[in-house]
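Undergrad: Hey, dropping run37.cif in here, mmCIF, C-alpha atoms:
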data_work
#
loop_
_atom_site.label_atom_id
_atom_site.label_comp_id
_atom_site.auth_asym_id
_atom_site.auth_seq_id
_atom_site.Cartn_x
_atom_site.Cartn_y
_atom_site.Cartn_z
CA MET A 1 -68.04 86.50 131.98
CA LEU A 2 -71.08 87.38 129.87
CA ALA A 3 -70.87 86.01 126.34
CA SER A 4 -72.27 87.65 123.26
CA PRO A 5 -74.78 85.64 121.22
CA ASN A 6 -72.11 85.67 118.51
CA PRO A 7 -68.67 86.04 120.16
CA SER A 8 -66.81 86.04 116.81
CA VAL A 9 -68.30 89.35 115.66
CA PHE A 10 -68.90 92.37 117.86
CA PHE A 11 -70.24 95.74 116.91
CA LEU A 12 -68.74 99.04 117.89
CA ILE A 13 -71.50 101.56 118.15
CA ARG A 14 -70.17 104.85 116.96
CA MET A 15 -72.36 107.88 117.06
CA ASN A 16 -71.39 109.60 113.84
CA MET A 17 -74.04 111.33 111.80
CA GLN A 18 -76.65 108.91 113.16
CA ARG A 19 -74.84 105.92 111.58
CA LEU A 20 -73.81 102.60 113.17
CA THR A 21 -70.45 101.32 111.96
CA PRO A 22 -69.81 97.57 112.44
CA MET A 23 -66.32 96.44 113.44
CA LEU A 24 -65.15 92.85 112.93
CA TYR A 25 -63.75 91.12 116.00
CA PRO A 26 -61.40 88.34 114.78
CA VAL A 27 -60.78 85.26 116.86
CA GLU A 28 -57.14 86.14 117.57
CA GLU A 29 -58.40 89.29 119.29
CA GLU A 30 -60.75 87.47 121.63
CA PRO A 31 -60.02 87.71 125.36
CA ILE A 32 -57.33 85.58 126.90
CA VAL A 33 -59.20 83.75 129.65
CA VAL A 34 -57.31 82.26 132.59
CA SER A 35 -59.61 80.58 135.08
CA LYS A 36 -59.53 81.12 138.83
CA SER A 37 -58.51 77.49 139.41
CA ILE A 38 -55.43 77.92 137.21
CA ILE A 39 -54.42 81.14 138.96
CA ASP A 40 -54.92 79.39 142.32
CA ARG A 41 -52.40 76.76 141.22
CA PHE A 42 -49.92 79.44 140.19
CA LEU A 43 -50.25 81.23 143.53
CA GLN A 44 -49.26 78.05 145.37
CA ASP A 45 -45.78 78.43 143.90
CA GLU A 46 -44.21 81.13 146.07
CA LYS A 47 -41.14 81.48 143.85
CA ASP A 48 -42.60 81.53 140.35
CA ASN A 49 -46.29 82.42 140.67
CA ALA A 50 -45.94 85.56 138.51
CA ASN A 51 -43.58 83.82 136.07
CA LEU A 52 -46.01 80.92 135.63
CA LEU A 53 -48.83 83.31 134.80
CA MET A 54 -46.60 85.28 132.41
CA LEU A 55 -45.31 82.25 130.49
CA TYR A 56 -48.70 80.52 130.28
CA THR A 57 -50.26 83.77 129.05
CA PHE A 58 -47.47 84.21 126.48
CA TYR A 59 -48.08 80.71 125.08
CA TYR A 60 -51.82 81.42 125.11
CA TYR A 61 -51.24 84.73 123.28
CA THR A 62 -49.00 83.03 120.70
CA ALA A 63 -51.64 80.36 120.14
CA LYS A 64 -54.23 83.06 119.53
CA TRP A 65 -52.37 84.88 116.79
CA GLN A 66 -51.19 81.63 115.19
CA ARG A 67 -54.83 80.44 115.32
CA THR A 68 -54.05 77.00 116.74
CA ASN A 69 -53.89 75.32 120.12
CA GLN A 70 -50.41 74.01 119.23
CA PRO A 71 -48.32 77.08 118.40
CA LYS A 72 -44.70 77.07 117.34
CA ALA A 73 -42.88 78.72 120.23
CA THR A 74 -39.25 77.72 120.66
CA ILE A 75 -37.20 78.44 123.77
CA THR A 76 -35.29 81.14 121.88
CA TYR A 77 -38.49 82.76 120.62
CA VAL A 78 -40.01 82.88 124.12
CA SER A 79 -36.74 84.12 125.62
CA GLN A 80 -36.66 87.05 123.20
CA GLY A 81 -40.36 87.79 123.61
CA LEU A 82 -40.30 87.89 127.41
CA HIS A 83 -36.72 89.16 127.78
CA TRP A 84 -35.92 86.12 129.93
CA THR A 85 -32.86 83.91 129.90
CA GLU A 86 -33.33 80.59 128.14
CA ASP A 87 -32.64 78.76 131.42
CA LYS A 88 -35.49 80.66 133.06
CA VAL A 89 -37.83 79.76 130.20
CA ARG A 90 -36.94 76.07 130.53
CA ARG A 91 -37.41 76.12 134.32
CA VAL A 92 -40.83 77.75 134.28
CA LYS A 93 -41.92 75.76 131.22
CA HIS A 94 -41.10 72.53 133.06
CA LYS A 95 -43.43 73.57 135.88
CA LEU A 96 -46.27 74.28 133.44
CA ILE A 97 -45.76 70.83 131.90
CA ASN A 98 -45.91 69.20 135.34
CA MET A 99 -49.17 71.09 135.96
CA ARG A 100 -50.43 69.70 132.62
CA LEU A 101 -51.27 73.16 131.39
CA ILE A 102 -49.00 72.74 128.36
CA GLU A 103 -47.40 69.81 126.54
CA ASP A 104 -44.31 69.49 124.36
CA MET A 105 -45.31 68.24 120.93
CA VAL A 106 -42.99 66.95 118.19
CA LEU A 107 -44.25 66.74 114.62
CA ARG A 108 -42.71 63.88 112.65
CA ARG A 109 -43.05 63.02 109.00
CA ASP A 110 -43.86 59.54 107.74
CA ASP A 111 -40.12 58.79 107.54
CA ASN A 112 -39.91 59.62 111.29
CA LYS A 113 -37.79 62.73 110.74
CA ILE A 114 -38.62 65.67 112.99
CA GLU A 115 -40.44 68.44 111.14
CA GLY A 116 -41.03 70.81 114.03
CA HIS A 117 -41.44 71.39 117.77
CA TYR A 118 -44.66 72.85 119.13
CA ILE A 119 -46.36 73.68 122.42
CA LYS A 120 -49.86 72.35 123.05
CA VAL A 121 -51.74 74.85 125.21
CA ASN A 122 -54.55 73.31 127.25
CA PHE A 123 -57.73 75.04 128.36
CA ILE A 124 -57.97 77.72 125.68
CA TRP A 125 -61.32 79.48 125.33
CA CYS A 126 -62.59 80.22 121.84
CA HIS A 127 -65.83 80.41 119.93
CA PRO A 128 -66.77 79.54 117.25
CA PRO A 129 -64.63 76.43 116.65
CA LEU A 130 -61.77 76.60 114.19
CA ASN A 131 -60.58 73.76 112.00
CA PRO A 132 -57.77 71.78 113.68
CA LEU A 133 -54.38 71.41 112.09
CA PRO A 134 -54.24 68.25 109.95
CA TRP A 135 -51.65 66.68 112.27
CA SER A 136 -53.15 67.78 115.59
CA GLY A 137 -55.18 64.59 115.98
CA GLY A 138 -58.93 64.25 116.14
CA GLU A 139 -61.71 66.62 115.32
CA GLY A 140 -62.98 69.56 117.27
CA ASN A 141 -61.99 73.02 118.29
CA SER A 142 -58.33 73.79 117.74
CA LEU A 143 -58.71 76.84 119.97
CA SER A 144 -60.82 75.43 122.76
CA THR A 145 -60.61 73.47 125.98
CA ASN A 146 -58.62 70.71 124.37
CA LYS A 147 -57.46 68.57 127.27
CA GLU A 148 -57.91 64.98 126.19
CA THR A 149 -60.09 62.99 128.52
CA TYR A 150 -61.19 59.42 128.02
CA SER A 151 -63.07 56.83 130.01
CA SER A 152 -62.92 53.05 129.94
CA ASP A 153 -66.50 53.09 128.67
CA SER A 154 -65.52 55.16 125.65
CA LEU A 155 -62.15 53.87 124.51
CA PRO A 156 -60.43 55.91 121.82
CA ASN A 157 -59.50 54.39 118.50
CA GLY A 158 -56.21 54.98 116.76
CA HIS A 159 -52.72 55.37 118.17
CA ILE A 160 -52.02 56.40 121.74
CA THR A 161 -51.65 60.08 122.63
CA VAL A 162 -50.16 61.90 125.61
CA GLY A 163 -53.62 62.51 127.05
CA MET A 164 -54.21 58.76 127.40
CA PHE A 165 -51.48 58.33 130.01
CA ASP A 166 -53.98 58.50 132.87
CA LEU A 167 -55.83 55.56 131.34
CA PHE A 168 -52.60 53.57 131.21
CA TRP A 169 -51.67 54.48 134.78
CA LYS A 170 -55.08 53.42 136.04
CA GLU A 171 -54.92 50.09 134.20
CA TYR A 172 -51.30 49.13 134.93
CA PRO A 173 -51.05 47.13 138.18
CA ARG A 174 -47.74 48.49 139.51
CA HIS A 175 -47.55 52.17 140.45
CA VAL A 176 -43.96 53.32 140.85
CA ASP A 177 -42.04 56.25 139.31
CA GLN A 178 -45.02 57.91 137.67
CA GLY A 179 -42.93 60.79 136.35
CA LYS A 180 -40.50 58.45 134.58
CA ALA A 181 -43.39 56.45 133.18
CA LEU A 182 -45.00 59.62 131.80
CA THR A 183 -41.72 60.57 130.12
CA ALA A 184 -41.52 57.12 128.52
CA TRP A 185 -45.15 57.38 127.42
CA LYS A 186 -44.53 60.76 125.77
CA ARG A 187 -41.49 59.36 123.99
CA ILE A 188 -43.64 56.62 122.46
CA CYS A 189 -46.35 59.13 121.51
CA ASN A 190 -43.79 61.16 119.58
CA LYS A 191 -42.88 58.20 117.37
CA SER A 192 -44.28 57.69 113.90
CA PRO A 193 -47.70 55.97 113.67
CA LYS A 194 -46.05 52.77 112.45
CA GLU A 195 -44.06 52.51 115.70
CA ARG A 196 -46.83 53.66 118.03
CA PRO A 197 -49.36 51.16 119.46
CA THR A 198 -53.06 51.82 119.80
CA TRP A 199 -54.72 52.15 123.19
CA LYS A 200 -56.69 48.96 122.52
CA GLU A 201 -53.41 47.09 121.99
CA ILE A 202 -51.98 48.49 125.22
CA LYS A 203 -55.04 47.69 127.32
CA ALA A 204 -55.57 44.21 125.85
CA SER A 205 -51.93 43.37 126.54
CA ILE A 206 -52.12 44.54 130.16
CA LEU A 207 -55.30 42.55 130.76
CA ARG A 208 -53.75 39.39 129.32
CA GLN A 209 -50.48 39.80 131.20
CA LYS A 210 -52.34 40.36 134.47
CA LYS A 211 -53.47 36.74 134.15
CA SER A 212 -49.97 35.39 133.51
CA GLN A 213 -48.18 33.26 136.12
CA ARG A 214 -45.39 35.74 136.60
CA TRP A 215 -47.64 38.71 137.33
CA GLN A 216 -49.36 36.88 140.16
CA THR A 217 -46.33 37.90 142.23
CA SER A 218 -46.32 41.70 142.40
CA THR A 219 -42.53 42.01 142.65
CA PHE A 220 -42.19 40.39 139.22
CA ILE A 221 -44.46 42.89 137.51
CA PRO A 222 -42.10 45.23 135.60
CA HIS A 223 -41.92 48.86 136.55
CA PRO A 224 -44.22 50.76 134.19
CA THR A 225 -41.25 52.68 132.77
CA THR A 226 -39.50 49.41 131.93
CA TRP A 227 -42.67 47.97 130.42
CA LEU A 228 -43.01 50.97 128.11
CA ASN A 229 -39.34 51.42 127.20
CA GLN A 230 -38.98 47.75 126.30
CA SER A 231 -42.26 47.52 124.34
CA ARG A 232 -43.45 44.80 126.70
CA TRP A 233 -47.00 45.02 125.39
CA LEU A 234 -45.64 42.70 122.68
CA ASP A 235 -44.74 39.97 125.21
CA ASP A 236 -46.63 36.69 125.02
CA PRO A 237 -48.33 36.00 128.39
CA ALA A 238 -48.04 32.25 127.79
CA GLU A 239 -44.26 32.57 128.07
CA MET A 240 -44.39 34.61 131.27
CA ILE A 241 -43.94 31.71 133.70
CA SER A 242 -43.54 32.40 137.39
CA TYR A 243 -40.21 32.47 139.20
CA ASP A 244 -40.53 30.03 142.06
CA ARG A 245 -38.68 31.58 144.97
CA GLU A 246 -38.28 28.20 146.65
CA ASN A 247 -36.56 26.27 143.84
CA ASP A 248 -34.09 26.57 141.00
CA ASN A 249 -36.72 27.70 138.50
CA LYS A 250 -35.69 31.22 139.44
CA PRO A 251 -32.72 32.69 137.47
CA ASP A 252 -29.61 33.94 139.22
CA THR A 253 -29.83 37.38 137.58
CA ILE A 254 -32.56 39.42 135.93
CA ILE A 255 -32.75 42.83 134.25
CA GLU A 256 -35.43 45.12 135.65
CA GLY A 257 -35.75 48.88 135.15
CA GLY A 258 -32.51 48.91 133.18
CA GLU A 259 -30.60 47.47 136.17
CA ARG A 260 -29.08 44.09 136.87
CA TRP A 261 -30.52 42.29 139.89
CA THR A 262 -28.76 39.32 141.52
CA ARG A 263 -30.53 36.56 143.36
CA GLN A 264 -29.82 36.37 147.08
CA GLY A 265 -31.93 33.68 148.71
CA LYS A 266 -35.58 34.47 148.09
CA TYR A 267 -34.98 37.97 146.74
CA TYR A 268 -33.17 39.97 144.07
CA VAL A 269 -30.75 42.75 145.05
CA ASN A 270 -29.12 45.40 142.86
CA LYS A 271 -25.59 46.74 143.21
CA ASP A 272 -26.78 49.34 145.75
CA GLY A 273 -28.28 46.68 147.98
CA ARG A 274 -31.86 47.61 147.15
CA VAL A 275 -34.29 44.69 147.20
CA LEU A 276 -36.61 44.23 144.22
#
In structure tokens, how does this file's structure come out?
TA:
Amino acid sequence: MLASPNPSVFFLIRMNMQRLTPMLYPVEEEPIVVSKSIIDRFLQDEKDNANLLMLYTFYYYTAKWQRTNQPKATITYVSQGLHWTEDKVRRVKHKLINMRLIEDMVLRRDDNKIEGHYIKVNFIWCHPPLNPLPWSGGEGNSLSTNKETYSSDSLPNGHITVGMFDLFWKEYPRHVDQGKALTAWKRICNKSPKERPTWKEIKASILRQKKSQRWQTSTFIPHPTTWLNQSRWLDDPAEMISYDRENDNKPDTIIEGGERWTRQGKYYVNKDGRVL
């Protein structure tokens, strides 16, 4: 796509009595741009390829006229706008979330009460930059490619955000149930700042706990979902002694992943007979 030197203002040349009449081109009227790579992902879904494109475009359109990358678009609002059932909206929306093209955002006040539900639309094209909403987090273009990306060489300051989950997953030594872990991570990110840790706290805790006695045995490293749900970044590594499988230092029962596990010889088994 060829871009104008100044995409925010275009001129309509109108031949009328030899005069040129300028026409303002506001940002909410800019093109809705969906990249080839995104459409390729939609086409891989044989059942909902058209629905995915329709819903993503609707969120994109709503973001444009609300002039933010995090528009207010409830299930009921989308259902009425697209003439879909609410169940259909939820189903297709869930697929867009799994593709990381949108995110559910919850705005909370300082007293932790919910003030509103919003949809964060990723990969929006816009120029020039607009001022972000005061609660959207960070500086930059509130109608732009806004997918958060971080590297270990450039660690973010402040409280964790949904976009930092990949950093956590890369750092955490046990990779099981990624979907559940992401849900737990989002739940923490939706808490008030007072209840939400910073990324530096999370990473420092993981690095310290990796050196603990208990974590030297991989089976005793908590599932990431458990670690997040139980705020285990607050655990003191000095108290994380190892469970010796060959002697009585190992307890008869432990709680892991919200389940009770009973010691049977060298291993722990849950009520379904699954070995930890």
Undergrad: Closest to Arg263 (chain A) among A:Leu234, A:Gln66, A:Lys191, A:Pro251, using all atoms listed in the file?
TA: A:Pro251
Undergrad: Nearest to Lys210 (chain A): which of A:Ala238, A:Leu43, A:Cys189, A:Ile114 is it, counting all atoms listed in the file?
TA: A:Ala238
Undergrad: Tell me, in Å to one decimal, how far CA of Arg214 (chain A) is from CA of Ile241 (chain A).
TA: 5.2 Å
Undergrad: Calculated over all atoms listed in the file, which of the candidates A:His83, A:Ser218, A:Ile188, A:Thr74 has the smallest distance to Gln230 (chain A)?
TA: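 Residue with the minimum atom-to-atom distance to Gln230 (chain A): A:Ile188.
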Undergrad: Enter the distance from CA of Trp169 (chain A) to CA of Ile254 (chain A), in Å, rounded to one decimal.
TA: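 Atom-to-atom, CA of Trp169 (chain A) to CA of Ile254 (chain A), that is 24.4 Å.
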Undergrad: Using Å and a single decimal, report how far CA of Gly81 (chain A) sits from CA of His94 (chain A).
TA: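 These atoms are spaced 18.0 Å apart.
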Undergrad: Show me as a list of chain:residue names the residues that reach within 12 Å of (-50.8, 70.7, 136.5), counting only C-alpha atoms and using the file's own coordinates.
TA: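 Counting only C-alpha atoms, I find these residues within 12 Å of (-50.8, 70.7, 136.5): A:Ser37, A:Ile38, A:Ile39, A:Asp40, A:Arg41, A:Phe42, A:Gln44, A:Asp45, A:Leu52, A:Tyr56, A:Lys93, A:His94, A:Lys95, A:Leu96, A:Ile97, A:Asn98, A:Met99, A:Arg100, A:Leu101, A:Ile102, A:Glu103, A:Asn122, A:Phe123, A:Lys147.
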Undergrad: Could you list, as a list in words, every residue matched by the PyMOL selection byres ((chain A and resi 171) around 10) in this structure?
TA: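 Checked against the file, the PyMOL selection byres ((chain A and resi 171) around 10) matches Ser152, Phe165, Asp166, Leu167, Phe168, Trp169, Lys170, Tyr172, Pro173, Arg174, His175, Ile202, Lys203, Ile206 and Leu207 of chain A.
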Undergrad: Starting from the displayed file, determine the output of the PyMOL selection byres ((chain A and resi 199-201) around 7) and express the residue list as a list of chain:residue names.
TA: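 Against this file, the PyMOL selection byres ((chain A and resi 199-201) around 7) returns the residues A:Pro156, A:His159, A:Ile160, A:Pro197, A:Thr198, A:Ile202, A:Lys203, A:Ala204, A:Ser205.
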Undergrad: Which residue, A:Arg108, A:Arg91, A:Lys211, A:Lys271, has the smallest gap to Glu239 (chain A) when you use all atoms listed in the file?
TA: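 For Glu239 (chain A), the nearest of the candidates is A:Lys211.
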Undergrad: Name the residues in contact with Gly116 (chain A) at a cut-off of 10 Å, using all atoms listed in the file, excluding same-chain residues fewer than 5 positions from it; report them as a PyMOL selection string.
TA: chain A and resi 72+74+105-109
Undergrad: Selection in question (the file shown): the PyMOL selection byres ((chain A and resi 184) around 9). Which residues does it include, as a PyMOL selection string?
TA: chain A and resi 179-183+185-189+224-226+228-229
